[in-house]
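Source file: final-v6.cif. Holds: mmCIF, C-alpha atoms and all ligand atoms.
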data_structure
#
loop_
_atom_site.group_PDB
_atom_site.id
_atom_site.type_symbol
_atom_site.label_atom_id
_atom_site.label_comp_id
_atom_site.auth_asym_id
_atom_site.auth_seq_id
_atom_site.Cartn_x
_atom_site.Cartn_y
_atom_site.Cartn_z
ATOM 1 C CA MET U 12 8.650 -20.970 -21.906
ATOM 2 C CA GLN U 13 5.420 -22.488 -20.620
ATOM 3 C CA LYS U 14 3.190 -20.377 -18.427
ATOM 4 C CA ASN U 15 3.849 -22.659 -15.491
ATOM 5 C CA ARG U 16 4.202 -20.048 -12.772
ATOM 6 C CA THR U 17 1.394 -17.917 -11.509
ATOM 7 C CA LEU U 18 3.166 -14.824 -10.240
ATOM 8 C CA GLY U 19 6.473 -13.200 -11.151
ATOM 9 C CA VAL U 20 7.607 -10.380 -8.891
ATOM 10 C CA ILE U 21 10.233 -7.809 -9.807
ATOM 11 C CA GLY U 22 11.806 -6.059 -6.813
ATOM 12 C CA GLY U 23 11.898 -8.138 -3.640
ATOM 13 C CA GLY U 24 11.749 -5.255 -1.152
ATOM 14 C CA PHE U 25 9.497 -4.402 1.754
ATOM 15 C CA MET U 26 6.144 -4.235 -0.060
ATOM 16 C CA ALA U 27 6.808 -7.301 -2.202
ATOM 17 C CA HIS U 28 7.603 -9.313 0.919
ATOM 18 C CA ALA U 29 4.393 -8.166 2.616
ATOM 19 C CA ILE U 30 2.224 -9.021 -0.406
ATOM 20 C CA VAL U 31 3.896 -12.360 -1.169
ATOM 21 C CA SER U 32 3.797 -13.408 2.522
ATOM 22 C CA GLY U 33 0.095 -12.599 2.664
ATOM 23 C CA ALA U 34 -0.666 -14.472 -0.554
ATOM 24 C CA ILE U 35 1.115 -17.566 0.772
ATOM 25 C CA SER U 36 -0.117 -17.496 4.380
ATOM 26 C CA SER U 37 -3.726 -16.982 3.279
ATOM 27 C CA GLY U 38 -3.407 -20.038 1.019
ATOM 28 C CA PHE U 39 -4.190 -17.990 -2.094
ATOM 29 C CA LEU U 40 -0.917 -18.913 -3.823
ATOM 30 C CA ALA U 41 1.474 -21.818 -3.328
ATOM 31 C CA PRO U 42 5.045 -20.534 -2.848
ATOM 32 C CA GLU U 43 6.389 -22.718 -5.654
ATOM 33 C CA HIS U 44 4.091 -20.851 -8.061
ATOM 34 C CA ILE U 45 5.825 -17.551 -7.298
ATOM 35 C CA ILE U 46 9.191 -16.334 -8.570
ATOM 36 C CA VAL U 47 10.846 -13.204 -7.226
ATOM 37 C CA ALA U 48 13.588 -11.285 -9.032
ATOM 38 C CA GLU U 49 15.764 -9.268 -6.677
ATOM 39 C CA PRO U 50 19.398 -8.132 -7.053
ATOM 40 C CA ASP U 51 20.270 -8.353 -3.348
ATOM 41 C CA ALA U 52 21.248 -11.881 -2.229
ATOM 42 C CA GLN U 53 20.092 -11.363 1.360
ATOM 43 C CA ARG U 54 16.688 -10.172 0.208
ATOM 44 C CA ARG U 55 16.438 -13.263 -2.013
ATOM 45 C CA VAL U 56 17.064 -15.452 1.044
ATOM 46 C CA ALA U 57 14.062 -13.830 2.748
ATOM 47 C CA PHE U 58 11.881 -15.060 -0.148
ATOM 48 C CA SER U 59 13.528 -18.476 -0.294
ATOM 49 C CA ARG U 60 12.511 -18.873 3.344
ATOM 50 C CA LEU U 61 8.908 -18.336 2.261
ATOM 51 C CA GLY U 62 9.416 -21.148 -0.266
ATOM 52 C CA THR U 63 9.270 -19.054 -3.447
ATOM 53 C CA LEU U 64 11.627 -19.401 -6.372
ATOM 54 C CA VAL U 65 14.161 -16.587 -6.556
ATOM 55 C CA THR U 66 16.381 -15.150 -9.255
ATOM 56 C CA ASP U 67 18.524 -12.095 -9.956
ATOM 57 C CA ASP U 68 17.300 -12.076 -13.559
ATOM 58 C CA ASN U 69 14.262 -9.879 -14.174
ATOM 59 C CA ARG U 70 13.548 -11.529 -17.527
ATOM 60 C CA ALA U 71 13.384 -14.945 -15.860
ATOM 61 C CA ALA U 72 10.741 -13.643 -13.441
ATOM 62 C CA ALA U 73 8.628 -12.028 -16.145
ATOM 63 C CA ASP U 74 8.853 -14.710 -18.784
ATOM 64 C CA GLY U 75 6.587 -17.688 -18.202
ATOM 65 C CA CYS U 76 4.291 -16.184 -15.554
ATOM 66 C CA ARG U 77 0.599 -15.441 -15.821
ATOM 67 C CA TYR U 78 0.912 -12.238 -13.770
ATOM 68 C CA LEU U 79 3.826 -9.872 -13.241
ATOM 69 C CA LEU U 80 3.948 -7.722 -10.105
ATOM 70 C CA LEU U 81 6.192 -4.661 -10.369
ATOM 71 C CA CYS U 82 7.459 -3.729 -6.891
ATOM 72 C CA VAL U 83 10.540 -1.635 -7.667
ATOM 73 C CA LYS U 84 10.921 2.052 -6.887
ATOM 74 C CA PRO U 85 9.745 4.280 -9.762
ATOM 75 C CA GLN U 86 13.284 5.620 -10.270
ATOM 76 C CA THR U 87 14.567 2.047 -10.760
ATOM 77 C CA PHE U 88 11.926 1.222 -13.334
ATOM 78 C CA PRO U 89 13.782 2.407 -16.489
ATOM 79 C CA ALA U 90 16.519 -0.195 -15.816
ATOM 80 C CA VAL U 91 13.885 -2.889 -15.241
ATOM 81 C CA ALA U 92 12.067 -1.896 -18.452
ATOM 82 C CA GLU U 93 15.359 -2.255 -20.318
ATOM 83 C CA ASP U 94 15.695 -5.818 -18.965
ATOM 84 C CA LEU U 95 12.166 -6.647 -20.133
ATOM 85 C CA ARG U 96 12.601 -5.417 -23.702
ATOM 86 C CA ASN U 97 11.275 -7.636 -26.472
ATOM 87 C CA ILE U 98 9.498 -10.132 -24.270
ATOM 88 C CA SER U 99 5.781 -10.561 -24.308
ATOM 89 C CA LEU U 100 4.722 -9.467 -20.819
ATOM 90 C CA PRO U 101 1.980 -11.208 -18.858
ATOM 91 C CA VAL U 102 -0.798 -9.213 -17.202
ATOM 92 C CA THR U 103 1.149 -6.545 -15.350
ATOM 93 C CA ILE U 104 0.308 -5.258 -11.874
ATOM 94 C CA SER U 105 2.217 -2.176 -10.766
ATOM 95 C CA ILE U 106 2.383 -0.810 -7.231
ATOM 96 C CA MET U 107 4.872 1.898 -8.252
ATOM 97 C CA ALA U 108 3.745 5.274 -6.980
ATOM 98 C CA GLY U 109 3.068 7.748 -9.761
ATOM 99 C CA LYS U 110 3.988 5.568 -12.771
ATOM 100 C CA THR U 111 1.036 5.756 -15.114
ATOM 101 C CA LYS U 112 -0.125 2.827 -17.227
ATOM 102 C CA GLN U 113 0.754 4.889 -20.285
ATOM 103 C CA SER U 114 4.322 5.348 -19.066
ATOM 104 C CA ILE U 115 4.732 1.654 -18.140
ATOM 105 C CA ARG U 116 3.328 0.609 -21.519
ATOM 106 C CA ARG U 117 5.557 3.059 -23.396
ATOM 107 C CA GLN U 118 8.661 1.665 -21.692
ATOM 108 C CA THR U 119 7.828 -2.042 -21.808
ATOM 109 C CA GLY U 120 5.167 -2.631 -24.450
ATOM 110 C CA ALA U 121 3.047 -4.311 -21.738
ATOM 111 C CA GLY U 122 -0.507 -5.344 -22.633
ATOM 112 C CA ALA U 123 -3.106 -5.237 -19.862
ATOM 113 C CA ILE U 124 -1.921 -3.301 -16.803
ATOM 114 C CA ALA U 125 -3.490 -2.856 -13.373
ATOM 115 C CA ARG U 126 -2.270 -0.196 -11.003
ATOM 116 C CA VAL U 127 -2.494 -0.624 -7.267
ATOM 117 C CA MET U 128 -1.700 1.796 -4.446
ATOM 118 C CA PRO U 129 -1.317 -0.303 -1.289
ATOM 119 C CA ASN U 130 -0.098 0.965 2.092
ATOM 120 C CA LEU U 131 2.309 0.058 4.862
ATOM 121 C CA PRO U 132 -0.134 -1.908 7.097
ATOM 122 C CA CYS U 133 -0.208 -4.539 4.303
ATOM 123 C CA SER U 134 2.754 -5.964 6.176
ATOM 124 C CA VAL U 135 0.492 -6.903 9.120
ATOM 125 C CA GLY U 136 -2.516 -7.923 7.030
ATOM 126 C CA ALA U 137 -4.356 -4.652 7.691
ATOM 127 C CA GLY U 138 -3.576 -2.809 4.472
ATOM 128 C CA MET U 139 -5.748 -0.674 2.234
ATOM 129 C CA ALA U 140 -5.273 -0.751 -1.518
ATOM 130 C CA GLY U 141 -6.807 1.420 -4.221
ATOM 131 C CA ILE U 142 -6.947 -0.553 -7.466
ATOM 132 C CA ASP U 143 -7.448 0.466 -11.087
ATOM 133 C CA SER U 144 -8.272 -2.828 -12.806
ATOM 134 C CA SER U 145 -10.144 -1.326 -15.748
ATOM 135 C CA GLU U 146 -8.004 -3.060 -18.408
ATOM 136 C CA LEU U 147 -8.392 -6.543 -16.904
ATOM 137 C CA SER U 148 -10.772 -9.404 -17.695
ATOM 138 C CA ASP U 149 -13.038 -10.633 -14.889
ATOM 139 C CA GLU U 150 -10.688 -13.531 -14.126
ATOM 140 C CA GLU U 151 -7.652 -11.255 -14.043
ATOM 141 C CA ARG U 152 -9.476 -8.763 -11.837
ATOM 142 C CA ASP U 153 -10.431 -11.551 -9.414
ATOM 143 C CA PHE U 154 -6.754 -12.487 -9.179
ATOM 144 C CA VAL U 155 -5.651 -8.941 -8.339
ATOM 145 C CA TYR U 156 -8.411 -8.524 -5.765
ATOM 146 C CA ALA U 157 -7.558 -11.859 -4.131
ATOM 147 C CA LEU U 158 -3.848 -10.938 -4.038
ATOM 148 C CA PHE U 159 -4.395 -7.629 -2.278
ATOM 149 C CA GLY U 160 -7.387 -8.937 -0.333
ATOM 150 C CA ALA U 161 -4.922 -11.328 1.320
ATOM 151 C CA VAL U 162 -3.152 -8.370 2.964
ATOM 152 C CA GLY U 163 -6.024 -6.004 3.644
ATOM 153 C CA LYS U 164 -9.017 -4.282 2.121
ATOM 154 C CA THR U 165 -9.448 -3.079 -1.449
ATOM 155 C CA VAL U 166 -11.361 -0.427 -3.351
ATOM 156 C CA GLU U 167 -11.658 0.099 -7.125
ATOM 157 C CA VAL U 168 -10.836 3.596 -8.415
ATOM 158 C CA GLU U 169 -10.122 5.164 -11.780
ATOM 159 C CA GLU U 170 -6.444 5.650 -12.510
ATOM 160 C CA SER U 171 -6.884 9.439 -12.288
ATOM 161 C CA LEU U 172 -7.905 9.031 -8.626
ATOM 162 C CA LEU U 173 -4.905 6.975 -7.547
ATOM 163 C CA ASN U 174 -3.118 10.158 -6.450
ATOM 164 C CA ALA U 175 -6.081 10.877 -4.166
ATOM 165 C CA VAL U 176 -5.746 7.320 -2.807
ATOM 166 C CA THR U 177 -2.073 8.080 -2.164
ATOM 167 C CA GLY U 178 -3.084 11.209 -0.235
ATOM 168 C CA ILE U 179 -5.569 9.347 1.968
ATOM 169 C CA SER U 180 -4.507 5.739 2.532
ATOM 170 C CA GLY U 181 -1.037 5.582 0.962
ATOM 171 C CA SER U 182 0.446 8.351 3.112
ATOM 172 C CA GLY U 183 -2.362 8.120 5.682
ATOM 173 C CA PRO U 184 -0.744 5.722 8.162
ATOM 174 C CA ALA U 185 1.749 8.524 8.897
ATOM 175 C CA TYR U 186 -1.116 10.902 9.755
ATOM 176 C CA VAL U 187 -2.513 8.337 12.186
ATOM 177 C CA TYR U 188 0.881 7.912 13.862
ATOM 178 C CA LEU U 189 1.220 11.697 14.063
ATOM 179 C CA PHE U 190 -2.166 12.017 15.798
ATOM 180 C CA TYR U 191 -1.282 9.153 18.137
ATOM 181 C CA ARG U 192 2.076 10.737 18.973
ATOM 182 C CA ALA U 193 0.444 14.113 19.625
ATOM 183 C CA LEU U 194 -2.097 12.482 21.983
ATOM 184 C CA VAL U 195 0.699 10.714 23.855
ATOM 185 C CA GLN U 196 2.699 13.955 24.159
ATOM 186 C CA ALA U 197 -0.412 15.741 25.423
ATOM 187 C CA GLY U 198 -1.012 12.991 27.979
ATOM 188 C CA VAL U 199 2.569 13.229 29.241
ATOM 189 C CA ALA U 200 2.244 17.022 29.438
ATOM 190 C CA GLU U 201 -0.805 16.461 31.666
ATOM 191 C CA GLY U 202 1.218 14.296 34.065
ATOM 192 C CA LEU U 203 0.681 10.728 32.787
ATOM 193 C CA SER U 204 3.676 8.454 32.291
ATOM 194 C CA GLN U 205 4.746 7.676 28.725
ATOM 195 C CA GLU U 206 3.469 4.110 29.139
ATOM 196 C CA GLN U 207 0.119 5.197 30.529
ATOM 197 C CA ALA U 208 -0.337 7.802 27.786
ATOM 198 C CA GLN U 209 0.575 5.295 25.051
ATOM 199 C CA ALA U 210 -1.899 2.709 26.363
ATOM 200 C CA LEU U 211 -4.697 5.278 26.609
ATOM 201 C CA ALA U 212 -4.048 6.848 23.201
ATOM 202 C CA ALA U 213 -3.628 3.558 21.286
ATOM 203 C CA GLN U 214 -6.764 1.930 22.630
ATOM 204 C CA THR U 215 -8.772 5.123 22.136
ATOM 205 C CA ILE U 216 -7.851 5.255 18.444
ATOM 206 C CA THR U 217 -8.423 1.506 17.933
ATOM 207 C CA GLY U 218 -11.646 1.472 19.979
ATOM 208 C CA GLY U 219 -13.003 4.589 18.298
ATOM 209 C CA MET U 220 -12.566 3.065 14.840
ATOM 210 C CA GLU U 221 -13.971 -0.279 15.982
ATOM 211 C CA MET U 222 -17.084 1.450 17.291
ATOM 212 C CA LEU U 223 -17.528 3.264 13.981
ATOM 213 C CA ARG U 224 -17.271 -0.089 12.196
ATOM 214 C CA VAL U 225 -19.537 -2.091 14.532
ATOM 215 C CA THR U 226 -22.314 0.471 15.104
ATOM 216 C CA LYS U 227 -22.262 1.800 11.515
ATOM 217 C CA LYS U 228 -23.104 5.208 12.994
ATOM 218 C CA THR U 229 -21.716 8.354 11.423
ATOM 219 C CA PRO U 230 -18.778 10.230 12.961
ATOM 220 C CA ASP U 231 -21.206 13.069 13.799
ATOM 221 C CA GLU U 232 -23.503 10.687 15.706
ATOM 222 C CA LEU U 233 -20.591 9.212 17.649
ATOM 223 C CA ILE U 234 -19.094 12.646 18.374
ATOM 224 C CA ALA U 235 -22.516 13.650 19.766
ATOM 225 C CA ALA U 236 -22.575 10.478 21.886
ATOM 226 C CA VAL U 237 -19.263 11.461 23.556
ATOM 227 C CA SER U 238 -20.166 15.118 23.975
ATOM 228 C CA SER U 239 -22.411 16.655 26.602
ATOM 229 C CA LYS U 240 -23.272 20.336 26.653
ATOM 230 C CA GLY U 241 -20.691 22.325 28.580
ATOM 231 C CA GLY U 242 -18.592 19.191 29.133
ATOM 232 C CA THR U 243 -14.974 18.235 28.578
ATOM 233 C CA THR U 244 -15.250 16.860 25.027
ATOM 234 C CA VAL U 245 -16.991 19.996 23.803
ATOM 235 C CA ALA U 246 -14.196 22.087 25.329
ATOM 236 C CA ALA U 247 -11.637 20.094 23.315
ATOM 237 C CA LEU U 248 -13.721 20.102 20.116
ATOM 238 C CA ASP U 249 -14.154 23.893 20.349
ATOM 239 C CA ARG U 250 -10.385 24.246 20.611
ATOM 240 C CA PHE U 251 -9.880 21.967 17.585
ATOM 241 C CA ALA U 252 -12.374 24.104 15.625
ATOM 242 C CA GLN U 253 -10.674 27.373 16.633
ATOM 243 C CA ASP U 254 -7.320 25.913 15.544
ATOM 244 C CA GLY U 255 -8.742 24.827 12.173
ATOM 245 C CA PHE U 256 -8.055 21.116 12.694
ATOM 246 C CA GLU U 257 -10.271 19.812 9.884
ATOM 247 C CA GLN U 258 -9.039 22.445 7.430
ATOM 248 C CA SER U 259 -5.483 21.518 8.379
ATOM 249 C CA VAL U 260 -6.199 17.837 7.548
ATOM 250 C CA CYS U 261 -7.695 18.871 4.179
ATOM 251 C CA ARG U 262 -4.680 21.029 3.362
ATOM 252 C CA ALA U 263 -2.263 18.269 4.354
ATOM 253 C CA VAL U 264 -4.037 15.686 2.169
ATOM 254 C CA HIS U 265 -4.118 18.183 -0.690
ATOM 255 C CA ALA U 266 -0.356 18.721 -0.311
ATOM 256 C CA ALA U 267 0.205 14.940 -0.555
ATOM 257 C CA VAL U 268 -2.043 14.641 -3.628
ATOM 258 C CA SER U 269 -0.332 17.616 -5.323
ATOM 259 C CA ARG U 270 3.068 16.065 -4.656
ATOM 260 C CA ALA U 271 1.860 12.729 -6.063
ATOM 261 C CA GLU U 272 0.708 14.600 -9.180
ATOM 262 C CA GLU U 273 4.092 16.293 -9.529
ATOM 263 C CA LEU U 274 5.827 12.912 -9.274
ATOM 264 C CA SER U 275 3.462 11.211 -11.750
ATOM 265 C CA GLU U 276 4.551 10.421 -15.275
HETATM 266 N N1 LIG U 301 6.420 1.383 1.160
HETATM 267 C C1 LIG U 301 5.178 1.803 1.022
HETATM 268 O O1 LIG U 301 4.470 2.148 1.989
HETATM 269 C C2 LIG U 301 4.548 1.843 -0.350
HETATM 270 C C3 LIG U 301 3.165 2.094 -0.462
HETATM 271 C C4 LIG U 301 2.602 2.084 -1.749
HETATM 272 C C5 LIG U 301 3.381 1.849 -2.874
HETATM 273 N N2 LIG U 301 4.714 1.636 -2.708
HETATM 274 C C6 LIG U 301 5.511 1.394 -3.916
HETATM 275 O O2 LIG U 301 6.032 0.103 -3.812
HETATM 276 C C7 LIG U 301 7.262 0.039 -4.534
HETATM 277 C C8 LIG U 301 8.285 -0.685 -3.676
HETATM 278 O O3 LIG U 301 8.419 0.007 -2.447
HETATM 279 P P1 LIG U 301 9.189 -0.671 -1.228
HETATM 280 O O4 LIG U 301 8.913 0.190 -0.038
HETATM 281 O O5 LIG U 301 8.897 -2.124 -1.177
HETATM 282 O O6 LIG U 301 10.719 -0.411 -1.716
HETATM 283 P P2 LIG U 301 12.017 -1.312 -1.473
HETATM 284 O O7 LIG U 301 11.929 -2.007 -0.159
HETATM 285 O O8 LIG U 301 13.203 -0.443 -1.744
HETATM 286 O O9 LIG U 301 11.904 -2.425 -2.621
HETATM 287 C C9 LIG U 301 12.388 -2.278 -3.922
HETATM 288 C C10 LIG U 301 13.256 -3.480 -4.222
HETATM 289 O O10 LIG U 301 13.610 -3.462 -5.606
HETATM 290 C C11 LIG U 301 14.944 -3.886 -5.688
HETATM 291 N N3 LIG U 301 15.588 -3.465 -6.945
HETATM 292 C C12 LIG U 301 16.393 -2.397 -7.155
HETATM 293 N N4 LIG U 301 16.800 -2.360 -8.444
HETATM 294 C C13 LIG U 301 16.239 -3.434 -9.058
HETATM 295 C C14 LIG U 301 16.283 -3.943 -10.377
HETATM 296 N N5 LIG U 301 16.968 -3.316 -11.361
HETATM 297 N N6 LIG U 301 15.596 -5.080 -10.657
HETATM 298 C C15 LIG U 301 14.882 -5.703 -9.693
HETATM 299 N N7 LIG U 301 14.806 -5.259 -8.435
HETATM 300 C C16 LIG U 301 15.466 -4.139 -8.108
HETATM 301 C C17 LIG U 301 15.598 -3.276 -4.493
HETATM 302 O O11 LIG U 301 16.824 -3.926 -4.235
HETATM 303 P P3 LIG U 301 18.018 -3.099 -3.546
HETATM 304 O O12 LIG U 301 17.541 -2.761 -2.161
HETATM 305 O O13 LIG U 301 19.156 -4.051 -3.563
HETATM 306 O O14 LIG U 301 18.228 -1.876 -4.389
HETATM 307 C C18 LIG U 301 14.549 -3.504 -3.408
HETATM 308 O O15 LIG U 301 14.709 -4.752 -2.776
HETATM 309 C C19 LIG U 301 7.655 1.480 -4.882
HETATM 310 O O16 LIG U 301 7.436 1.712 -6.257
HETATM 311 C C20 LIG U 301 6.710 2.324 -4.063
HETATM 312 O O17 LIG U 301 6.329 3.485 -4.785
HETATM 313 C C21 LIG U 301 5.314 1.606 -1.479
#
I need this file expressed as structure tokens, please.
Ligand SMILES: NC(=O)c1ccc[n+]([C@@H]2O[C@H](COP(=O)([O-])OP(=O)(O)OC[C@H]3O[C@@H](n4cnc5c(N)ncnc54)[C@H](OP(=O)(O)O)[C@@H]3O)[C@@H](O)[C@H]2O)c1
Amino acid sequence: MQKNRTLGVIGGGFMAHAIVSGAISSGFLAPEHIIVAEPDAQRRVAFSRLGTLVTDDNRAAADGCRYLLLCVKPQTFPAVAEDLRNISLPVTISIMAGKTKQSIRRQTGAGAIARVMPNLPCSVGAGMAGIDSSELSDEERDFVYALFGAVGKTVEVEESLLNAVTGISGSGPAYVYLFYRALVQAGVAEGLSQEQAQALAAQTITGGMEMLRVTKKTPDELIAAVSSKGGTTVAALDRFAQDGFEQSVCRAVHAAVSRAEELSE
């Protein structure tokens, strides 16, 4: 088969839809240059609506593309690898958590492989992806960076650090929601309505991060700017320190990284 399609995608689930939507809406890829293999007919319709080609045949998606994006769950991968046996795979990009390049290569005979750890906010164009593109040529690397750049920001890391990426940005959106929820609960406990507390907490988190980005000041400088001696912020910060807030964050991230290591193969 001629290499007439740019991107084959295996597994048309949540993440695949976010990435493919971003690639199309940003103008990076034309939908007719993408083929998505997905067993579920309804999920295929979601991709047809984007204008991509769809199939239920994994081999058809992999064969004839310049790049293959693996978006199935790690536990599904052995069945996918079986489908891909004895075909010469294009440059392979895996977003599967914990599946090492060595393991993917052992099961499929793939040549160059990039691993990417994206996160949930990819679906609204505000994702963060850690990328190991060390096996790729410059042109191939540009492709991967443009693909994930269409749905958020990107950072290059060695494969051995992808579990750390998982612990920070992969699982991290949940930590942010937890902090937000705790702030809202605290606001309600202090007498605010749910709506009032949500508005205050959401804009404080968004505005705080925006200020960090715009001013390029350090967190310490901005904490100092909010704090006055003997004031309210210092009272809260002292309480956080007594309760070991920062150590708790470190331990939580370490737990996520350790779990990612346990799940890696
Ligand atoms: N979600 C996240 O925040 C996140 C972040 C980073 C990385 N990841 C990684 O991204 C990958 C996909 O995650 P997701 O959240 O998008 O999962 P998902 O929504 O479950 O997508 C997986 C898709 O693969 C399909 N599938 C199942 N068996 C298949 C087969 N044999 N051949 C082809 N397709 C098959 C599933 O179809 P059925 O539903 O019909 O089974 C489903 O549509 C995972 O490896 C995960 O580790 C996810």
Excluding same-chain residues fewer than 5 positions from Arg116 in chain U, what lies within 12 Å of it counting only C-alpha atoms, as a PDB file with C-alpha atoms, in the coordinates of the input?
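Generated output (part-v2.pdb):
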ATOM      1  CA  PHE U  88      11.926   1.222 -13.334  1.00  0.00           C
ATOM      2  CA  PRO U  89      13.782   2.407 -16.489  1.00  0.00           C
ATOM      3  CA  ALA U  92      12.067  -1.896 -18.452  1.00  0.00           C
ATOM      4  CA  LEU U  95      12.166  -6.647 -20.133  1.00  0.00           C
ATOM      5  CA  ARG U  96      12.601  -5.417 -23.702  1.00  0.00           C
ATOM      6  CA  SER U  99       5.781 -10.561 -24.308  1.00  0.00           C
ATOM      7  CA  LEU U 100       4.722  -9.467 -20.819  1.00  0.00           C
ATOM      8  CA  VAL U 102      -0.798  -9.213 -17.202  1.00  0.00           C
ATOM      9  CA  THR U 103       1.149  -6.545 -15.350  1.00  0.00           C
ATOM     10  CA  ILE U 104       0.308  -5.258 -11.874  1.00  0.00           C
ATOM     11  CA  SER U 105       2.217  -2.176 -10.766  1.00  0.00           C
ATOM     12  CA  LYS U 110       3.988   5.568 -12.771  1.00  0.00           C
ATOM     13  CA  THR U 111       1.036   5.756 -15.114  1.00  0.00           C
ATOM     14  CA  ALA U 121       3.047  -4.311 -21.738  1.00  0.00           C
ATOM     15  CA  GLY U 122      -0.507  -5.344 -22.633  1.00  0.00           C
ATOM     16  CA  ALA U 123      -3.106  -5.237 -19.862  1.00  0.00           C
ATOM     17  CA  ILE U 124      -1.921  -3.301 -16.803  1.00  0.00           C
ATOM     18  CA  ALA U 125      -3.490  -2.856 -13.373  1.00  0.00           C
ATOM     19  CA  ARG U 126      -2.270  -0.196 -11.003  1.00  0.00           C
ATOM     20  CA  GLU U 276       4.551  10.421 -15.275  1.00  0.00           C
TER      21      GLU U 276
END
Query raised in the report: Do you know which residues the PyMOL selection byres (((chain U and resi 63-69) around 6) and not hetatm) returns on this file, as a count of residues only?
Result: 15
Between U:Ala266, U:Leu173, U:Met139, U:Leu80, smallest distance to Ala108 in chain U by all atoms listed in the file belongs to U:Leu173
note - CA of Thr177 in chain U and atom N2 of ligand LIG 301 (chain U) are separated by 9.4 Å
Practice item. Using the chain letters and numbering of this document, enumerate as JSON, numbers by chain the residues selected by the PyMOL selection byres (((not hetatm)) within 6 of (chain U and resi 301)). Key: {"U": [21, 22, 23, 24, 25, 26, 27, 48, 49, 50, 51, 82, 83, 84, 85, 87, 90, 91, 106, 107, 108, 128, 129, 130, 131, 181]}
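Once the PyMOL selection byres (((chain U and resi 16) around 8) and not hetatm) is applied to the depicted file, the selected set reads Lys14, Asn15, Thr17, Leu18, Gly19, Glu43, His44, Ile45, Ile46, Gly75, Cys76 and Arg77 of chain U.
Minimum distance to Ala271 in chain U across U:Ile30, U:Ala175, U:Leu79, U:Val56 (counting only C-alpha atoms) occurs at U:Ala175.
Minimum atom-to-atom distance to Val127 in chain U, evaluated using all atoms listed in the file, belongs to U:Phe159 out of U:Phe159, U:Phe39, U:Phe154, U:Phe251.
You can rank U:Leu189, U:Cys133, U:Val195, U:Ala52 by their closest distance to Gln207 in chain U using all atoms listed in the file, and at the top of that list sits U:Val195.
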In Å and to one decimal, CA of Asp254 in chain U is distant from CA of Arg224 in chain U by 28.0 Å
Among U:Ala263, U:Ser145, U:Tyr78, U:Ala41, Val168 in chain U is approached most closely, using all atoms listed in the file, by U:Ser145
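The space between CA of Gly136 in chain U and CA of Ala29 in chain U spans 8.2 Å.
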